[in-house]
Protein chains: 2
Amino acid sequence: MNTEQAFAIKGDICFCKTNNQWTTMENAYAVCEHGISQGVFAQLPEQYAHISVVDFTGKLIIPGLVDLHIHAPQYAFRGMGMDLELMDWLNQQTFPEEAKYADLAYADRAYTIFAENMKHSATSHACLFATQHRAATELLMDRMEQSGLVSFVGKVNMDREAPDNLRESSAETSAQETLQWLYEIAGKYQRTKPMLTPRFIPSCTPELLTKLQIIQQEYELPVQSHLSENPGEIAFVQELCPTSKFYGDAYDAYGLFGRQHPTEQTYPAIMAHCVYSTQEEIQLIKDNGVFIAHCPASNTNLSSGIAPIRRYLNEDMSVGLGSDVAGGHTESMLRAVCDAVQVSKLYWRLVDASAAPLTFCEAFYLATKGGGAFFGNVGSLEHGYDFSAVVLDDSSLQHPFALTIAQRVERAAYSALDNYGICAKFVSGTPLFDHVHSK
Amino acid sequence: MNTEQAFAIKGDICFCKTNNQWTTMENAYAVCEHGISQGVFAQLPEQYAHISVVDFTGKLIIPGLVDLHIHAPQYAFRGMGMDLELMDWLNQQTFPEEAKYADLAYADRAYTIFAENMKHSATSHACLFATQHRAATELLMDRMEQSGLVSFVGKVNMDREAPDNLRESSAETSAQETLQWLYEIAGKYQRTKPMLTPRFIPSCTPELLTKLQIIQQEYELPVQSHLSENPGEIAFVQELCPTSKFYGDAYDAYGLFGRQHPTEQTYPAIMAHCVYSTQEEIQLIKDNGVFIAHCPASNTNLSSGIAPIRRYLNEDMSVGLGSDVAGGHTESMLRAVCDAVQVSKLYWRLVDASAAPLTFCEAFYLATKGGGAFFGNVGSLEHGYDFSAVVLDDSSLQHPFALTIAQRVERAAYSALDNYGICAKFVSGTPLFDHVHSK
C-alpha cells in the first residue's frame with residue numbers, strides 16, 4: 001500500500017447500505033485509498049496505522065449526495081418568480097434567461113457562481129443540463145471540472161417550440177453543434193463527461209431525434225431528459241406525436257430511452273419527474289433500466305403534482321433525487337431528501353392511501369445510493385465505493401438531550417444545515433475544501 | 001420630539017400594505033420613535049435630520065415576522081422522528097418529551113436554547129404553547145422576556161387522554177394551577193403576556209372547559225388551541241362530544257371560540273390548522289373573529305393534509321401563519337411563507353382546481369400583517385405600526401444580474417437565508433442584536 005495515496009477521516013459516520021437501514025458509527029474512521037472507500041472502522045486497522053487522519057471528531061460524516069437533475073443556467077433565477085405552471089414558466093421565465101448564454105461573458109459570470117456554490121454544497125455527483133450553446137456548455141464543463149465534483153453535462157438540443165433566439169435553426173445545426181461539442185471536449189476532463197440532452201419531446205423534431213440516435217450509438221452516450229411532468233405537457237406531446245403510445249414511447253421510438261438490449265453496458269437514460277407515467281410507460285422504464293430523477297421541490301413549485309415514488313420503489317425501479325433547479329428553488333440535496341418525504345405524505349393523504357409515505361431513511365437512500373447507482377459504486381462509504389463524503393458541523397443546532405447519529409442527520413437535513421454547516425467535502429478521494437483544517 | 005427616543009435604519013426596505021402589493025424602497029430610511037414606525041422615506045425628513053441612523057446599506061429590511069402557533073417544549077425534537085401521524089406522534093413523540101418539563105433544570109436547558117434561537121430568528125411576535133407545568137411555563141416567560149420578542153405564552157391545560165405523568169390530576173387542579181400561574185406573573189413582564197391554552201378538545205374534560213371559561217371572562221384572556229387538523233382527531237372529538245355540531249362548536253359551547261359579542265374588545269382566539277373545517281365551522285370562525293393559524297409544514301409533516309387558505313382569504317377571514325414546531329420542523333417563518341405557497345399549489349393541483357395558489361406576496365402578507373393583526377398594528381413598516389424589523393444580508397447569494405428588492409426577498413426566503421443571514425433585528429423599537437454594528 002502506498003500510504004501517500006491513503007488517508008482516513010474521523011467523525012460520526014452515517015450512511016445507508018439499504019433503503020431501510022442506517023449504518024452509523026461514532027468516532028469512527030472512513031478510510032480512502034486511491035479514491036476508493038476501504039470501509040468504515042471503529043479503530044484504524046493495523047495496515048492503515050501510518051496513514052494521515054483528518055480529525056472531524058464530533059462532526060457528522062455522510063456520503064456525498066447525488067443530484068440526478070439540475071439545470072445550471074437556471075441557477076441564476078432560483079427561488080424567484082415561482083407563480084407559474086410549467087409551460088408558462090418555460091416561456092416567460094426560463095427561455096429568456098437561457099437565451100443569455102449566447103453571451104459567453106454572461107455565461108462565465110453565471111456559471112462561475114453556479115460551480116462555486118455546487119462545490120460548497122452537499123452534492124458530490126450531478127447530472128446537469130446546460131443550454132444549447134456549445135461554447136457556454138464547454139465553459140460550464142470547465143467550471144465543473146475545476147469545482148472537483150463528478151458530473152455529466154449536456155449541451156441541450158432543441159429545434160422547435162422555443163423562441164427564435166433560443167431554438168437551434170435546424171435539426172442539422174443541432175446535430176452538428178453536438179458533434180462539434182463532443183469533438184472539442186474529447187479527453188479534456190477527468191471528472192466531467194458529456195451526456196446527450198434532448199430538452200424534451202416538444203423541443204425536438206423527429207428529424208433531430210433521429211440524428212441524436214445516431215450520435216448516441218456512435219459515442220455510447222447516456223441520455224437525460226424530462227418525462228410526464230405535467231398534464232398540459234403530456235397532452236402537448238400527444239398532439240405533436242400522435243402515433244406514440246405514451247410520452248416515453250416518443251423517446252423510445254428513437255432509441256433514446258435507456259438500454260435497447262439487456263446486456264448493453266452503456267449508461268442508461270435518466271428521465272426527470274415521471275409524475276404521471278402510465279402503466280405502459282412504467283413497464284418500459286423498468287424494462288429499459290431508465291433512472292427516474294424524482295424532483296419533489298420542482299413538482300411542487302411548478303404545480304405539477306406528486307410522483308408515485310412508493311409505487312416505483314415497490315416495483316424495484318431505479319430512482320434517485322434531483323434538485324431540478326430552478327423548478328426546484330435550491331441546489332440543497334438534503335432539502336430534496338426532506339421534500340421527498342414531505343410530498344410522499346401528502347400523496348398518501350390526498351391521492352392514494354395505499355402508498356405509504358417514504359421514511360427519512362428511504363429518501364436519504366434515494367439521494368445517495370439510489371441516484372449514485374447511475375454513476376457506479378457511488379453514494380455509500382461501504383468498502384469499494386467511490387470515496388465521496390460531506391462533513392457537517394451541527395454544533396450550532398443545540399440540544400437539551402443526547403441524540404443518535406441518525407437523529408442528528410435527520411435534524412441537520414430539516415434544519416437546512418447544508419446551507420451553512422458544511423465544513424469539509426471529499427469527492428472521489430479529493431478534498432475540495434476544508435474549513436476546519438485550513439492550511 | 002425627543003431625538004433620543006428616535007432613530008432610523010437605512011437599507012433596501014420591503015413590506016406589504018395589502019396582500020397583493022409590495023412596497024419597496026432602495027436606500028431608504030425607516031424611522032422609529034418610541035417603538036412606533038414613523039414611516040419609510042427616500043430621504044430623511046427635516047424633523048429627523050439629527051436622529052441617529054443605523055446604516056444597513058445594501059441589505060434587506062423587512063418587518064419582523066409573526067408566528068401565530070409554536071410549541072416551545074417541542075423545539076427540542078424539531079426535525080426528528082417525523083414518520084408518524086398526529087395522534088401517534090402525540091403519544092409516542094410529543095407527550096414523553098413534554099413530560100420532562102416537570103424537571104425545572106431540564107426546562108431551563110431546553111427553553112434557554114429555544115429563546116436564544118427565537119431571538120436570532122426572523123420572528124418578532126409569537127404565540128407559544130408551553131406545557132401544563134406552571135413553574136416551567138413561568139421560566140419560559142422569563143426567557144422570552146429576556147429574548148426581546150413580543151409573545152403570548154400559554155400554560156397548557158389537559159386533564160384527560162394523556163399519559164399519567166403529563167395529565168393534570170383533575171379539572172380543579174388544572175384550573176387552580178392556571179390561576180396560580182396568572183397570579184404569579186401578573187405585572188411581571190413588558191413584552192410577555194399570558195394566553196389561555198386548552199390543549200385541544202380531546203385533552204380537556206367538560207368540567208375543565210367550564211372552569212376555563214370562568215377564568216377567561218375574569219382575566220379577559222385570549223385563547224389559543226387546535227382545530228380540525230386531522231380526520232382521526234375530528235372523529236375522536238365527535239366521539240368525545242357527541243352533542244357538538246362540529247369541532248369548533250365544542251369550544252364555542254364554553255365560550256372559548258373568540259368573541260361572544262361583536263363589540264367585545266378583548267383579544268379573539270387563535271385556532272391552529274383548520275384543515276378540515278366544515279361550512280358551519282367556517283361561518284362560526286368568521287362570526288367570532290377567530291384567527292386561523294395556518295401551519296403548512298406541520299400539516300405536511302404529520303400527513304394531515306392542506307388547509308383551504310384561498311377560500312379563507314376569499315371569505316375575508318383572519319389568517320396568519322404558524323411554524324407549529326415541532327409538527328413543523330423549523331422556527332423559520334420565511335420557510336413558512338414558502339411552505340404556504342408550495343402547499344397551495346399542490347392543493348390547487350390535487351384537491352380543488354378552483355382554488356388559485358397563493359402568490360409569494362400573499363403568503364408574505366399572511367406572515368406579517370395577517371398574523372400581526374392579532375397583536376394590533378404589527379407586521380408592517382407603515383406609519384403607526386409597531387417598529388419591528390429584520391435585516392437580512394443576502395450578499396452571500398451571488399447573482400449574475402441585478403434583482404429587484406421583491407425578487408431578493410423571495411430568493412432569500414426560498415434560500416433559507418434566515419437560518420444564517422440575519423444580521424440585525426428590532427422588536428418594538430429595541431435592537432435585539434446587531435452583528436454588523438457591534439459595540
# chains A, B, ... in the order shown; residues from 1 in each chain; ligands from 1
>>> interface_residues(of="chain A", to="chain B", cutoff="7 Å", atoms="only C-alpha atoms", output="PDB file with N, CA, C and O atoms, in the first residue's frame")
ATOM      1  N   ALA A  76     -29.425  30.999 -11.922  1.00  0.00           N
ATOM      2  CA  ALA A  76     -29.442  32.467 -11.770  1.00  0.00           C
ATOM      3  C   ALA A  76     -30.803  33.004 -11.331  1.00  0.00           C
ATOM      4  O   ALA A  76     -30.886  34.108 -10.804  1.00  0.00           O
ATOM      5  N   ARG A  78     -33.027  31.049  -9.409  1.00  0.00           N
ATOM      6  CA  ARG A  78     -33.577  30.129  -8.402  1.00  0.00           C
ATOM      7  C   ARG A  78     -34.348  30.908  -7.332  1.00  0.00           C
ATOM      8  O   ARG A  78     -33.952  32.005  -6.923  1.00  0.00           O
ATOM      9  N   GLY A  79     -35.448  30.332  -6.896  1.00  0.00           N
ATOM     10  CA  GLY A  79     -36.207  30.937  -5.797  1.00  0.00           C
ATOM     11  C   GLY A  79     -36.846  32.266  -6.155  1.00  0.00           C
ATOM     12  O   GLY A  79     -37.093  33.083  -5.286  1.00  0.00           O
ATOM     13  N   MET A  80     -37.130  32.473  -7.423  1.00  0.00           N
ATOM     14  CA  MET A  80     -37.785  33.730  -7.804  1.00  0.00           C
ATOM     15  C   MET A  80     -38.859  33.486  -8.844  1.00  0.00           C
ATOM     16  O   MET A  80     -38.717  32.606  -9.683  1.00  0.00           O
ATOM     17  N   ASP A  83     -44.564  31.747  -9.540  1.00  0.00           N
ATOM     18  CA  ASP A  83     -46.031  31.743  -9.567  1.00  0.00           C
ATOM     19  C   ASP A  83     -46.609  31.261 -10.893  1.00  0.00           C
ATOM     20  O   ASP A  83     -47.718  31.629 -11.259  1.00  0.00           O
ATOM     21  N   ARG A 109     -19.874  34.565 -15.951  1.00  0.00           N
ATOM     22  CA  ARG A 109     -20.291  35.145 -14.668  1.00  0.00           C
ATOM     23  C   ARG A 109     -21.250  34.191 -13.939  1.00  0.00           C
ATOM     24  O   ARG A 109     -21.086  33.887 -12.755  1.00  0.00           O
ATOM     25  N   ALA A 110     -22.250  33.734 -14.671  1.00  0.00           N
ATOM     26  CA  ALA A 110     -23.299  32.918 -14.047  1.00  0.00           C
ATOM     27  C   ALA A 110     -22.786  31.523 -13.678  1.00  0.00           C
ATOM     28  O   ALA A 110     -23.048  31.027 -12.571  1.00  0.00           O
ATOM     29  N   ILE A 113     -20.492  31.391 -10.585  1.00  0.00           N
ATOM     30  CA  ILE A 113     -21.273  31.394  -9.336  1.00  0.00           C
ATOM     31  C   ILE A 113     -21.869  30.005  -9.090  1.00  0.00           C
ATOM     32  O   ILE A 113     -21.787  29.450  -7.995  1.00  0.00           O
ATOM     33  N   THR A 300     -43.618  20.514  -6.953  1.00  0.00           N
ATOM     34  CA  THR A 300     -44.465  21.357  -6.118  1.00  0.00           C
ATOM     35  C   THR A 300     -44.473  22.797  -6.627  1.00  0.00           C
ATOM     36  O   THR A 300     -45.535  23.379  -6.852  1.00  0.00           O
ATOM     37  N   ASN A 301     -43.294  23.349  -6.850  1.00  0.00           N
ATOM     38  CA  ASN A 301     -43.206  24.766  -7.234  1.00  0.00           C
ATOM     39  C   ASN A 301     -43.917  25.060  -8.552  1.00  0.00           C
ATOM     40  O   ASN A 301     -44.479  26.137  -8.724  1.00  0.00           O
ATOM     41  N   SER A 303     -46.422  23.410  -9.634  1.00  0.00           N
ATOM     42  CA  SER A 303     -47.798  22.899  -9.509  1.00  0.00           C
ATOM     43  C   SER A 303     -48.020  21.667 -10.362  1.00  0.00           C
ATOM     44  O   SER A 303     -49.120  21.449 -10.868  1.00  0.00           O
ATOM     45  N   GLY A 305     -47.577  18.334  -9.476  1.00  0.00           N
ATOM     46  CA  GLY A 305     -48.224  17.241  -8.764  1.00  0.00           C
ATOM     47  C   GLY A 305     -47.189  16.491  -7.928  1.00  0.00           C
ATOM     48  O   GLY A 305     -46.153  17.059  -7.569  1.00  0.00           O
ATOM     49  N   HIS A 329     -36.037  25.204  -6.125  1.00  0.00           N
ATOM     50  CA  HIS A 329     -35.545  26.547  -5.778  1.00  0.00           C
ATOM     51  C   HIS A 329     -34.172  26.526  -5.135  1.00  0.00           C
ATOM     52  O   HIS A 329     -33.630  27.575  -4.821  1.00  0.00           O
ATOM     53  N   THR A 330     -33.618  25.325  -4.907  1.00  0.00           N
ATOM     54  CA  THR A 330     -32.324  25.262  -4.227  1.00  0.00           C
ATOM     55  C   THR A 330     -31.534  24.052  -4.697  1.00  0.00           C
ATOM     56  O   THR A 330     -32.118  23.024  -5.057  1.00  0.00           O
ATOM     57  N   GLN A 342     -41.782  14.731   2.558  1.00  0.00           N
ATOM     58  CA  GLN A 342     -42.981  15.557   2.769  1.00  0.00           C
ATOM     59  C   GLN A 342     -44.043  15.341   1.699  1.00  0.00           C
ATOM     60  O   GLN A 342     -45.217  15.166   2.009  1.00  0.00           O
ATOM     61  N   LYS A 345     -46.002  12.189   1.984  1.00  0.00           N
ATOM     62  CA  LYS A 345     -47.062  12.205   2.997  1.00  0.00           C
ATOM     63  C   LYS A 345     -48.342  12.817   2.430  1.00  0.00           C
ATOM     64  O   LYS A 345     -49.449  12.328   2.685  1.00  0.00           O
ATOM     65  N   LEU A 346     -48.191  13.891   1.679  1.00  0.00           N
ATOM     66  CA  LEU A 346     -49.382  14.499   1.068  1.00  0.00           C
ATOM     67  C   LEU A 346     -49.972  13.581  -0.004  1.00  0.00           C
ATOM     68  O   LEU A 346     -51.189  13.537  -0.188  1.00  0.00           O
ATOM     69  N   ARG A 349     -52.022  11.112   1.803  1.00  0.00           N
ATOM     70  CA  ARG A 349     -53.251  11.700   2.331  1.00  0.00           C
ATOM     71  C   ARG A 349     -54.222  12.082   1.222  1.00  0.00           C
ATOM     72  O   ARG A 349     -55.431  11.873   1.346  1.00  0.00           O
ATOM     73  N   LEU A 350     -53.720  12.662   0.147  1.00  0.00           N
ATOM     74  CA  LEU A 350     -54.616  13.291  -0.836  1.00  0.00           C
ATOM     75  C   LEU A 350     -54.856  12.455  -2.089  1.00  0.00           C
ATOM     76  O   LEU A 350     -55.821  12.698  -2.803  1.00  0.00           O
ATOM     77  N   THR A 359     -40.023   6.955   4.387  1.00  0.00           N
ATOM     78  CA  THR A 359     -39.326   7.301   5.624  1.00  0.00           C
ATOM     79  C   THR A 359     -38.131   8.194   5.268  1.00  0.00           C
ATOM     80  O   THR A 359     -37.692   8.240   4.108  1.00  0.00           O
ATOM     81  N   GLN A 398     -28.146  23.427  18.835  1.00  0.00           N
ATOM     82  CA  GLN A 398     -28.030  22.995  20.236  1.00  0.00           C
ATOM     83  C   GLN A 398     -29.196  22.123  20.654  1.00  0.00           C
ATOM     84  O   GLN A 398     -30.293  22.236  20.124  1.00  0.00           O
ATOM     85  N   HIS A 399     -28.944  21.293  21.641  1.00  0.00           N
ATOM     86  CA  HIS A 399     -29.928  20.309  22.037  1.00  0.00           C
ATOM     87  C   HIS A 399     -29.885  20.030  23.527  1.00  0.00           C
ATOM     88  O   HIS A 399     -28.806  19.930  24.087  1.00  0.00           O
ATOM     89  N   PRO A 400     -31.050  19.885  24.163  1.00  0.00           N
ATOM     90  CA  PRO A 400     -31.028  19.646  25.611  1.00  0.00           C
ATOM     91  C   PRO A 400     -30.810  18.199  26.001  1.00  0.00           C
ATOM     92  O   PRO A 400     -30.695  17.903  27.184  1.00  0.00           O
ATOM     93  N   GLN A 407     -30.580  10.580  14.254  1.00  0.00           N
ATOM     94  CA  GLN A 407     -31.407  11.740  14.605  1.00  0.00           C
ATOM     95  C   GLN A 407     -30.730  13.041  14.189  1.00  0.00           C
ATOM     96  O   GLN A 407     -31.368  13.964  13.699  1.00  0.00           O
ATOM     97  N   GLU A 410     -31.079  13.569  10.430  1.00  0.00           N
ATOM     98  CA  GLU A 410     -32.434  13.995  10.070  1.00  0.00           C
ATOM     99  C   GLU A 410     -32.638  15.465  10.449  1.00  0.00           C
ATOM    100  O   GLU A 410     -33.136  16.270   9.662  1.00  0.00           O
ATOM    101  N   ARG A 411     -32.217  15.819  11.658  1.00  0.00           N
ATOM    102  CA  ARG A 411     -32.363  17.204  12.104  1.00  0.00           C
ATOM    103  C   ARG A 411     -31.541  18.154  11.237  1.00  0.00           C
ATOM    104  O   ARG A 411     -31.999  19.256  10.896  1.00  0.00           O
ATOM    105  N   TYR A 414     -33.526  18.667   7.983  1.00  0.00           N
ATOM    106  CA  TYR A 414     -34.713  19.507   8.152  1.00  0.00           C
ATOM    107  C   TYR A 414     -34.345  20.932   8.582  1.00  0.00           C
ATOM    108  O   TYR A 414     -35.140  21.847   8.451  1.00  0.00           O
ATOM    109  N   SER A 415     -33.146  21.114   9.114  1.00  0.00           N
ATOM    110  CA  SER A 415     -32.719  22.449   9.526  1.00  0.00           C
ATOM    111  C   SER A 415     -31.911  23.159   8.444  1.00  0.00           C
ATOM    112  O   SER A 415     -31.345  24.213   8.699  1.00  0.00           O
ATOM    113  N   TYR A 420     -25.241  26.149   5.352  1.00  0.00           N
ATOM    114  CA  TYR A 420     -24.216  26.924   6.057  1.00  0.00           C
ATOM    115  C   TYR A 420     -23.302  26.072   6.941  1.00  0.00           C
ATOM    116  O   TYR A 420     -22.310  26.580   7.460  1.00  0.00           O
TER     117      TYR A 420
END
>>> residues_around(residues="A:Ala135", least_positions_apart="5", cutoff="10 Å", atoms="only C-alpha atoms", output="mmCIF file with C-alpha atoms, in the first residue's frame")
data_model
loop_
_atom_site.group_PDB
_atom_site.id
_atom_site.type_symbol
_atom_site.label_atom_id
_atom_site.label_comp_id
_atom_site.auth_asym_id
_atom_site.auth_seq_id
_atom_site.Cartn_x
_atom_site.Cartn_y
_atom_site.Cartn_z
ATOM 1 C CA TYR A 101 -25.948 32.152 -22.523
ATOM 2 C CA ALA A 102 -25.215 33.034 -26.134
ATOM 3 C CA ASP A 103 -23.115 35.736 -24.452
ATOM 4 C CA LEU A 104 -20.031 33.975 -23.152
ATOM 5 C CA ALA A 107 -22.254 32.590 -19.074
ATOM 6 C CA LEU A 140 -19.698 25.077 -17.798
ATOM 7 C CA MET A 141 -17.745 21.825 -18.132
ATOM 8 C CA LYS A 155 -25.486 20.560 -24.301
ATOM 9 C CA GLU A 177 -23.126 21.554 -32.894
ATOM 10 C CA TRP A 181 -19.008 19.877 -28.863
ATOM 11 C CA GLU A 184 -13.838 19.675 -28.645
#
>>> residues_around(residues="stretch 194-201 of chain A", least_positions_apart="6", cutoff="8 Å", atoms="only C-alpha atoms", output="PyMOL selection string")
chain A and resi 129+152-158+182+209+212+216+221-227+237+250-251
>>> residues_around(residues="B:Leu321", least_positions_apart="6", cutoff="9 Å", atoms="only C-alpha atoms", output="number ranges by chain")
B: 66-69, 272, 292-296, 333, 336-337, 340, 363, 366-368, 370-371
>>> residues_around(residues="B:Leu166", least_positions_apart="3", cutoff="12 Å", atoms="only C-alpha atoms", output="count of residues only")
27
>>> residues_around(residues="stretch 238-245 of chain B", least_positions_apart="5", cutoff="9 Å", atoms="only C-alpha atoms", output="count of residues only")
8
>>> atom_distance(atom1="atom CA of B:Asp249", atom2="atom CA of B:Ala72")
27.4 Å
>>> atom_distance(atom1="atom CA of A:Asn314", atom2="atom CA of A:Thr18")
13.9 Å
